[in-house]
file coords_6.cif (mmCIF, C-alpha atoms and all ligand atoms)
data_target
loop_
_atom_site.label_atom_id
_atom_site.label_comp_id
_atom_site.auth_asym_id
_atom_site.auth_seq_id
_atom_site.Cartn_x
_atom_site.Cartn_y
_atom_site.Cartn_z
CA MET S 1 16.94 2.44 0.67
CA ARG S 2 14.34 -0.24 1.43
CA HIS S 3 11.80 1.33 3.77
CA GLN S 4 9.80 -0.34 6.51
CA ILE S 5 6.28 1.04 6.13
CA ALA S 6 3.07 1.08 8.14
CA ALA S 7 0.34 2.20 5.74
CA ALA S 8 -3.21 2.86 6.93
CA ASN S 9 -6.01 2.30 4.43
CA TRP S 10 -9.12 3.98 5.79
CA LYS S 11 -11.17 2.90 2.75
CA MET S 12 -14.67 4.53 2.76
CA ASN S 13 -14.77 4.94 6.53
CA LEU S 14 -14.91 7.81 9.04
CA THR S 15 -16.48 11.26 8.81
CA TYR S 16 -14.23 14.30 8.40
CA LYS S 17 -14.44 14.99 12.14
CA GLN S 18 -13.68 11.37 13.07
CA GLY S 19 -10.71 11.39 10.70
CA LYS S 20 -9.32 14.56 12.31
CA ILE S 21 -9.69 13.09 15.80
CA LEU S 22 -7.97 9.85 14.75
CA LEU S 23 -5.03 11.65 13.15
CA ASP S 24 -4.68 13.92 16.19
CA GLU S 25 -4.67 10.89 18.47
CA ILE S 26 -1.91 9.15 16.50
CA MET S 27 0.23 12.24 15.88
CA ASN S 28 -0.04 13.22 19.57
CA LYS S 29 1.75 9.99 20.44
CA GLN S 30 4.87 11.58 18.94
CA ILE S 31 6.21 8.30 17.55
CA ALA S 32 9.60 9.18 16.09
CA LEU S 33 10.48 7.33 12.90
CA GLU S 34 14.08 6.66 11.92
CA PRO S 35 14.93 7.42 8.27
CA HIS S 36 14.27 3.85 7.11
CA LYS S 37 10.70 3.87 8.50
CA LYS S 38 7.52 5.48 7.21
CA ALA S 39 3.93 5.84 8.36
CA ILE S 40 1.43 6.58 5.61
CA PHE S 41 -2.27 7.41 5.88
CA ALA S 42 -4.39 6.60 2.82
CA VAL S 43 -7.47 8.72 3.47
CA PRO S 44 -10.58 9.50 1.38
CA PHE S 45 -10.07 12.22 -1.27
CA PRO S 46 -11.95 15.00 0.58
CA TYR S 47 -9.64 14.57 3.58
CA LEU S 48 -6.28 14.72 1.79
CA ARG S 49 -5.58 18.40 2.56
CA MET S 50 -6.70 18.09 6.17
CA ALA S 51 -4.58 14.96 6.66
CA LYS S 52 -1.59 16.67 5.08
CA LYS S 53 -1.97 19.55 7.56
CA LYS S 54 -2.30 17.17 10.50
CA ILE S 55 1.00 15.43 9.81
CA LYS S 56 2.60 18.86 9.20
CA ASP S 57 6.19 18.27 8.27
CA ARG S 58 6.77 15.45 10.72
CA GLU S 59 9.66 13.38 9.40
CA ASN S 60 8.66 10.20 7.60
CA TYR S 61 4.91 10.66 7.94
CA SER S 62 3.07 10.85 4.61
CA ILE S 63 -0.39 10.90 3.08
CA ALA S 64 -1.70 8.70 0.27
CA ALA S 65 -4.75 8.71 -1.95
CA GLN S 66 -6.60 5.40 -2.31
CA ASN S 67 -6.95 5.49 -6.09
CA CYS S 68 -6.43 7.67 -9.16
CA HIS S 69 -7.77 7.73 -12.70
CA HIS S 70 -5.60 6.29 -15.46
CA LEU S 71 -5.84 9.34 -17.73
CA LYS S 72 -4.35 12.78 -17.32
CA SER S 73 -7.53 14.89 -17.34
CA GLY S 74 -10.81 15.31 -19.16
CA ALA S 75 -14.55 14.67 -19.11
CA TYR S 76 -14.66 11.90 -16.49
CA THR S 77 -17.20 13.17 -13.98
CA GLY S 78 -16.48 12.09 -10.44
CA GLU S 79 -12.92 10.93 -11.10
CA VAL S 80 -9.68 12.22 -9.57
CA SER S 81 -6.40 12.44 -11.47
CA ALA S 82 -2.84 11.77 -10.37
CA GLU S 83 -2.01 15.41 -11.13
CA MET S 84 -4.78 16.62 -8.79
CA ILE S 85 -3.50 14.38 -6.01
CA LYS S 86 0.04 15.64 -6.48
CA SER S 87 -1.17 19.23 -6.59
CA VAL S 88 -2.42 19.02 -2.98
CA GLY S 89 0.98 17.87 -1.77
CA VAL S 90 0.30 14.14 -1.52
CA GLY S 91 3.14 11.71 -2.31
CA PHE S 92 1.58 8.24 -2.52
CA VAL S 93 -1.37 6.50 -4.15
CA ILE S 94 -2.74 2.99 -3.64
CA ILE S 95 -3.20 1.25 -6.97
CA GLY S 96 -4.92 -2.06 -7.60
CA HIS S 97 -6.44 -2.78 -4.20
CA SER S 98 -8.39 -6.05 -4.46
CA GLU S 99 -11.62 -4.19 -3.67
CA ARG S 100 -11.09 -2.02 -6.75
CA ARG S 101 -10.21 -5.06 -8.84
CA GLN S 102 -13.35 -6.82 -7.61
CA TYR S 103 -15.99 -4.06 -7.43
CA PHE S 104 -14.72 -1.70 -10.14
CA ASN S 105 -13.42 -4.32 -12.58
CA GLU S 106 -9.89 -2.95 -12.59
CA THR S 107 -7.74 -5.19 -14.76
CA ASP S 108 -3.97 -5.69 -14.81
CA ALA S 109 -3.84 -3.69 -18.06
CA LEU S 110 -5.75 -0.74 -16.60
CA LEU S 111 -3.57 -0.85 -13.48
CA SER S 112 -0.41 -0.64 -15.58
CA GLU S 113 -1.79 2.64 -16.98
CA LYS S 114 -2.54 3.90 -13.48
CA VAL S 115 1.00 3.03 -12.41
CA ASN S 116 2.37 5.00 -15.37
CA ILE S 117 0.31 8.11 -14.74
CA ALA S 118 1.15 8.05 -11.04
CA ILE S 119 4.88 7.83 -11.75
CA ASP S 120 4.60 10.55 -14.43
CA HIS S 121 3.22 12.83 -11.71
CA HIS S 122 5.84 11.86 -9.12
CA LEU S 123 3.45 9.87 -6.97
CA THR S 124 4.73 6.64 -5.44
CA PRO S 125 2.31 3.80 -6.24
CA ILE S 126 1.52 1.35 -3.46
CA PHE S 127 0.72 -1.50 -5.83
CA CYS S 128 -1.53 -4.21 -4.40
CA CYS S 129 -1.53 -7.82 -5.48
CA GLY S 130 -2.83 -11.06 -3.97
CA GLU S 131 -4.74 -14.24 -4.64
CA SER S 132 -8.28 -15.37 -3.80
CA LEU S 133 -8.98 -18.41 -1.63
CA PRO S 134 -9.75 -20.74 -4.59
CA ILE S 135 -6.43 -19.83 -6.19
CA ARG S 136 -4.56 -20.52 -2.94
CA GLU S 137 -6.40 -23.82 -2.53
CA SER S 138 -5.43 -24.82 -6.06
CA GLY S 139 -1.76 -24.23 -5.20
CA LYS S 140 -1.35 -21.69 -8.01
CA GLU S 141 -0.89 -18.59 -5.84
CA ASN S 142 2.78 -18.04 -6.71
CA GLU S 143 2.28 -17.91 -10.44
CA PHE S 144 -0.95 -15.90 -10.09
CA VAL S 145 0.59 -13.12 -7.98
CA ALA S 146 3.78 -13.08 -10.06
CA GLY S 147 1.51 -12.63 -13.10
CA GLN S 148 -0.10 -9.57 -11.51
CA LEU S 149 3.33 -7.98 -11.07
CA LYS S 150 4.48 -8.90 -14.55
CA ASN S 151 1.30 -7.61 -16.21
CA SER S 152 1.12 -4.28 -14.42
CA LEU S 153 4.71 -3.41 -13.47
CA PHE S 154 7.30 -5.18 -15.59
CA HIS S 155 7.05 -2.72 -18.48
CA LEU S 156 8.79 -0.21 -16.21
CA PRO S 157 12.51 0.44 -16.51
CA ALA S 158 14.66 -0.43 -13.48
CA GLU S 159 14.88 3.14 -12.18
CA GLN S 160 11.08 3.35 -12.10
CA ILE S 161 10.29 -0.05 -10.60
CA GLN S 162 12.47 0.99 -7.67
CA LYS S 163 9.91 3.72 -6.94
CA ILE S 164 7.10 1.20 -6.41
CA VAL S 165 5.95 -0.09 -3.05
CA VAL S 166 4.38 -3.55 -3.42
CA ALA S 167 1.64 -4.69 -1.03
CA TYR S 168 0.92 -8.42 -0.99
CA GLU S 169 -2.63 -8.85 0.27
CA PRO S 170 -4.14 -12.32 0.07
CA ILE S 171 -7.83 -11.62 -0.55
CA TRP S 172 -8.88 -14.36 1.88
CA ALA S 173 -7.15 -12.46 4.69
CA ILE S 174 -8.56 -8.97 4.01
CA GLY S 175 -11.14 -7.87 6.54
CA THR S 176 -11.79 -11.49 7.50
CA GLY S 177 -9.79 -11.65 10.72
CA LYS S 178 -7.88 -14.52 9.08
CA THR S 179 -4.22 -13.60 8.83
CA ALA S 180 -1.72 -15.42 6.67
CA SER S 181 0.83 -17.02 8.96
CA SER S 182 4.08 -15.12 9.15
CA GLN S 183 5.68 -18.05 7.26
CA GLN S 184 3.06 -17.85 4.48
CA ALA S 185 3.71 -14.11 4.19
CA GLN S 186 7.48 -14.60 4.16
CA ASP S 187 7.26 -17.35 1.52
CA MET S 188 5.21 -15.18 -0.84
CA HIS S 189 7.33 -12.07 -0.23
CA ALA S 190 10.57 -13.98 -0.88
CA TRP S 191 9.02 -15.44 -4.04
CA LEU S 192 7.93 -12.00 -5.29
CA ARG S 193 11.36 -10.55 -4.55
CA SER S 194 12.93 -13.41 -6.54
CA VAL S 195 10.55 -12.72 -9.46
CA ILE S 196 11.57 -9.05 -9.40
CA ALA S 197 15.24 -10.06 -9.13
CA LYS S 198 14.94 -12.31 -12.16
CA GLN S 199 13.63 -9.42 -14.22
CA TYR S 200 15.67 -6.52 -12.81
CA GLY S 201 18.56 -8.07 -10.84
CA GLN S 202 18.98 -8.68 -7.10
CA PRO S 203 20.22 -5.17 -6.19
CA VAL S 204 17.02 -3.64 -7.60
CA ALA S 205 14.80 -6.27 -5.93
CA ASP S 206 16.53 -5.61 -2.62
CA THR S 207 15.51 -1.94 -2.66
CA ILE S 208 11.77 -2.61 -3.06
CA SER S 209 9.55 -2.55 0.02
CA ILE S 210 7.03 -5.39 0.03
CA LEU S 211 4.24 -4.86 2.57
CA TYR S 212 1.89 -7.52 3.87
CA GLY S 213 -1.84 -6.78 4.13
CA GLY S 214 -4.61 -8.89 5.60
CA SER S 215 -5.93 -8.52 9.15
CA VAL S 216 -2.74 -7.01 10.56
CA LYS S 217 -3.33 -5.84 14.15
CA GLY S 218 -1.28 -4.50 17.02
CA SER S 219 -1.06 -8.01 18.42
CA ASN S 220 0.33 -9.77 15.32
CA ALA S 221 2.35 -6.99 13.65
CA VAL S 222 5.68 -7.67 15.39
CA GLU S 223 5.63 -11.34 14.40
CA ILE S 224 4.66 -10.66 10.77
CA PHE S 225 7.02 -7.70 10.30
CA SER S 226 9.93 -9.65 11.80
CA GLN S 227 10.10 -11.82 8.68
CA PRO S 228 13.12 -10.84 6.56
CA ASP S 229 11.17 -10.09 3.35
CA VAL S 230 8.19 -8.41 5.03
CA ASP S 231 8.77 -4.66 5.09
CA GLY S 232 5.72 -3.60 7.08
CA GLY S 233 2.02 -3.67 6.35
CA LEU S 234 -0.97 -2.17 4.58
CA VAL S 235 -3.67 -2.08 7.22
CA GLY S 236 -7.43 -1.68 6.85
CA GLY S 237 -9.62 -2.32 9.90
CA ALA S 238 -6.97 -1.84 12.58
CA SER S 239 -5.90 1.50 11.10
CA LEU S 240 -9.21 3.01 12.22
CA ASN S 241 -8.19 2.69 15.86
CA GLY S 242 -5.46 5.01 17.17
CA GLU S 243 -4.02 2.61 19.76
CA GLU S 244 -3.94 -0.26 17.26
CA PHE S 245 -2.33 1.69 14.46
CA ALA S 246 0.22 3.23 16.84
CA ALA S 247 1.18 -0.30 17.93
CA ILE S 248 1.56 -1.27 14.28
CA ILE S 249 3.82 1.73 13.59
CA ARG S 250 5.91 0.78 16.64
CA ALA S 251 6.20 -2.80 15.34
CA LEU S 252 8.24 -1.73 12.28
CA LYS S 253 11.71 -3.21 12.41
C1 LIG O 301 -6.73 -3.75 3.27
O1 LIG O 301 -7.84 -3.44 2.92
O2 LIG O 301 -5.77 -3.31 2.62
C2 LIG O 301 -6.57 -4.62 4.42
C3 LIG O 301 -5.47 -5.29 4.55
O3 LIG O 301 -7.64 -4.69 5.28
P1 LIG O 301 -7.65 -5.43 6.73
O4 LIG O 301 -6.43 -4.96 7.45
O5 LIG O 301 -8.91 -4.93 7.37
O6 LIG O 301 -7.64 -6.89 6.48
#
call {"tool": "encode", "arguments": {"input": "coords_6.cif", "output": "structure tokens"}}
result
Amino acid sequence: MRHQIAAANWKMNLTYKQGKILLDEIMNKQIALEPHKKAIFAVPFPYLRMAKKKIKDRENYSIAAQNCHHLKSGAYTGEVSAEMIKSVGVGFVIIGHSERRQYFNETDALLSEKVNIAIDHHLTPIFCCGESLPIRESGKENEFVAGQLKNSLFHLPAEQIQKIVVAYEPIWAIGTGKTASSQQAQDMHAWLRSVIAKQYGQPVADTISILYGGSVKGSNAVEIFSQPDVDGGLVGGASLNGEEFAAIIRALK
């Protein structure tokens, strides 16, 4: 089933106490999610257990890590493995966020290894892709983003690619207050679905959730999510505010 997903990416924000208060605020709103909808909170590593407890076993609420190492285990001081994340009951992991590509030099090749290790440990990758402003201005965004998918995901067999959630996040729209128009989001999402369909067939492409990320807020979520190929959003700034993120969850179609 193709899920409609509101995913919060807290990044390196909030203290433990602030995180608890925020989760309490959102969970206290008792927003019921039908089986085709999901709300996911990607919290900092030290908060994973707490966040897992806060959502309890509320249907269709889940926790994600924001990153994992590409190797199974070993002498990599400060790193966190997919197996560790799974062992605390977490089901999702963000892979390839543009901030990690930019500040931690994560390449398509490295990300394909992270995708593999996540799947090996039964974590669902939320795989991020998206172009910079110069690439968009050069008119090469379609081939650039398709290249990111091909390089990091297309080695997977069909039954595994269906486990991936894709998040299209144009870099020029992340944290800038500049949102892609709903038509720009739809055009890219439809293009990415067609690229996946060409490789794996339309039935497989139709099962994959493609989220939009880039300055999604309570006030624009309904319009963006209403597009036929937009299956919800990955949300940074607005996910740090309970009212805003609740509105975004409610905007899922
Ligand atoms: C993000 O970091 O994934 C993101 C989309 O951030 P923002 O919503 O703040 O643009």
call {"tool": "closest_atom_pairs", "arguments": {"input": "coords_6.cif", "of": "chain S", "to": "ligand LIG 301 (chain O)", "cutoff": "6 Å", "atoms": "only C-alpha atoms and all ligand atoms", "output": "JSON lines"}}
result
{"residue": "S:Asn9", "atom": "CA", "partner": "O:LIG301", "partner_atom": "O2", "distance": 5.9}
{"residue": "S:Ala173", "atom": "CA", "partner": "O:LIG301", "partner_atom": "O6", "distance": 5.9}
{"residue": "S:Ile174", "atom": "CA", "partner": "O:LIG301", "partner_atom": "O6", "distance": 3.4}
{"residue": "S:Gly175", "atom": "CA", "partner": "O:LIG301", "partner_atom": "O6", "distance": 3.6}
{"residue": "S:Gly213", "atom": "CA", "partner": "O:LIG301", "partner_atom": "C3", "distance": 3.9}
{"residue": "S:Gly214", "atom": "CA", "partner": "O:LIG301", "partner_atom": "O6", "distance": 3.7}
{"residue": "S:Ser215", "atom": "CA", "partner": "O:LIG301", "partner_atom": "O6", "distance": 3.6}
{"residue": "S:Val216", "atom": "CA", "partner": "O:LIG301", "partner_atom": "O4", "distance": 5.2}
{"residue": "S:Leu234", "atom": "CA", "partner": "O:LIG301", "partner_atom": "O2", "distance": 5.3}
{"residue": "S:Val235", "atom": "CA", "partner": "O:LIG301", "partner_atom": "O4", "distance": 4.0}
{"residue": "S:Gly236", "atom": "CA", "partner": "O:LIG301", "partner_atom": "O3", "distance": 3.4}
{"residue": "S:Gly237", "atom": "CA", "partner": "O:LIG301", "partner_atom": "O5", "distance": 3.7}
call {"tool": "closest_residue", "arguments": {"input": "coords_6.cif", "among": "S:Ser87, S:Ser182, S:Gln30, S:Gln199", "to": "Arg58 (chain S)", "atoms": "all atoms listed in the file"}}
result
S:Gln30
call {"tool": "closest_residue", "arguments": {"input": "coords_6.cif", "among": "S:Ile171, S:Ala158, S:Ala246, S:Ile119", "to": "Tyr212 (chain S)", "atoms": "all atoms listed in the file"}}
result
S:Ile171
call {"tool": "residues_around", "arguments": {"input": "coords_6.cif", "residues": "Ala109 (chain S)", "least_positions_apart": "6", "cutoff": "12 Å", "atoms": "only C-alpha atoms", "output": "JSON, numbers by chain"}}
result
{"S": [70, 96, 101, 115, 116, 147, 148, 149, 150, 151, 152, 153, 154, 155]}
call {"tool": "closest_residue", "arguments": {"input": "coords_6.cif", "among": "S:Leu192, S:Leu33, S:Val166, S:Cys128", "to": "Ser98 (chain S)", "atoms": "all atoms listed in the file"}}
result
S:Cys128
call {"tool": "atom_distance", "arguments": {"input": "coords_6.cif", "atom1": "CA of Ala221 (chain S)", "atom2": "CA of Lys253 (chain S)"}}
result
10.2 Å
call {"tool": "atom_distance", "arguments": {"input": "coords_6.cif", "atom1": "CA of Ser138 (chain S)", "atom2": "CA of Val165 (chain S)"}}
result
27.4 Å
call {"tool": "axis_aligned_box", "arguments": {"input": "coords_6.cif", "around": "region 102-117 of chain S", "padding_each_side": "6 Å", "output": "AutoDock Vina command-line options"}}
result
--center_x -6.8 --center_y 0.6 --center_z -12.7 --size_x 30.4 --size_y 26.9 --size_z 22.6
call {"tool": "decode", "arguments": {"input": "coords_6.cif", "residues": "region 6-21 of chain S", "atoms": "N, CA and C atoms", "output": "PDB file, in the first residue's frame"}}
result
ATOM      1  N   ALA S   6       3.445  12.009   7.090  1.00  0.00           N
ATOM      2  CA  ALA S   6       3.974  13.281   7.605  1.00  0.00           C
ATOM      3  C   ALA S   6       5.178  12.924   8.467  1.00  0.00           C
ATOM      4  N   ALA S   7       6.374  13.285   8.026  1.00  0.00           N
ATOM      5  CA  ALA S   7       7.592  12.925   8.754  1.00  0.00           C
ATOM      6  C   ALA S   7       8.258  14.190   9.285  1.00  0.00           C
ATOM      7  N   ALA S   8       8.467  14.207  10.601  1.00  0.00           N
ATOM      8  CA  ALA S   8       9.131  15.342  11.250  1.00  0.00           C
ATOM      9  C   ALA S   8      10.621  15.082  11.297  1.00  0.00           C
ATOM     10  N   ASN S   9      11.408  16.055  10.890  1.00  0.00           N
ATOM     11  CA  ASN S   9      12.865  15.942  11.006  1.00  0.00           C
ATOM     12  C   ASN S   9      13.333  17.028  11.965  1.00  0.00           C
ATOM     13  N   TRP S  10      13.592  16.621  13.206  1.00  0.00           N
ATOM     14  CA  TRP S  10      13.981  17.608  14.221  1.00  0.00           C
ATOM     15  C   TRP S  10      15.409  18.116  14.006  1.00  0.00           C
ATOM     16  N   LYS S  11      16.195  17.407  13.218  1.00  0.00           N
ATOM     17  CA  LYS S  11      17.611  17.748  13.029  1.00  0.00           C
ATOM     18  C   LYS S  11      18.302  17.857  14.400  1.00  0.00           C
ATOM     19  N   MET S  12      19.252  18.794  14.569  1.00  0.00           N
ATOM     20  CA  MET S  12      19.973  18.913  15.846  1.00  0.00           C
ATOM     21  C   MET S  12      19.338  20.033  16.664  1.00  0.00           C
ATOM     22  N   ASN S  13      18.031  19.843  16.951  1.00  0.00           N
ATOM     23  CA  ASN S  13      17.283  20.854  17.681  1.00  0.00           C
ATOM     24  C   ASN S  13      16.584  20.222  18.880  1.00  0.00           C
ATOM     25  N   LEU S  14      16.278  21.038  19.853  1.00  0.00           N
ATOM     26  CA  LEU S  14      15.515  20.708  21.060  1.00  0.00           C
ATOM     27  C   LEU S  14      16.347  19.942  22.095  1.00  0.00           C
ATOM     28  N   THR S  15      16.156  20.343  23.366  1.00  0.00           N
ATOM     29  CA  THR S  15      16.734  19.550  24.462  1.00  0.00           C
ATOM     30  C   THR S  15      15.825  18.342  24.677  1.00  0.00           C
ATOM     31  N   TYR S  16      16.283  17.430  25.512  1.00  0.00           N
ATOM     32  CA  TYR S  16      15.488  16.237  25.849  1.00  0.00           C
ATOM     33  C   TYR S  16      14.112  16.660  26.397  1.00  0.00           C
ATOM     34  N   LYS S  17      14.140  17.632  27.318  1.00  0.00           N
ATOM     35  CA  LYS S  17      12.889  18.070  27.948  1.00  0.00           C
ATOM     36  C   LYS S  17      11.958  18.718  26.912  1.00  0.00           C
ATOM     37  N   GLN S  18      12.532  19.549  26.058  1.00  0.00           N
ATOM     38  CA  GLN S  18      11.705  20.199  25.017  1.00  0.00           C
ATOM     39  C   GLN S  18      11.118  19.159  24.068  1.00  0.00           C
ATOM     40  N   GLY S  19      11.905  18.139  23.758  1.00  0.00           N
ATOM     41  CA  GLY S  19      11.419  17.080  22.872  1.00  0.00           C
ATOM     42  C   GLY S  19      10.253  16.332  23.481  1.00  0.00           C
ATOM     43  N   LYS S  20      10.361  16.047  24.799  1.00  0.00           N
ATOM     44  CA  LYS S  20       9.282  15.343  25.498  1.00  0.00           C
ATOM     45  C   LYS S  20       7.992  16.177  25.476  1.00  0.00           C
ATOM     46  N   ILE S  21       8.157  17.469  25.751  1.00  0.00           N
ATOM     47  CA  ILE S  21       6.980  18.360  25.795  1.00  0.00           C
ATOM     48  C   ILE S  21       6.318  18.417  24.418  1.00  0.00           C
TER      49      ILE S  21
END
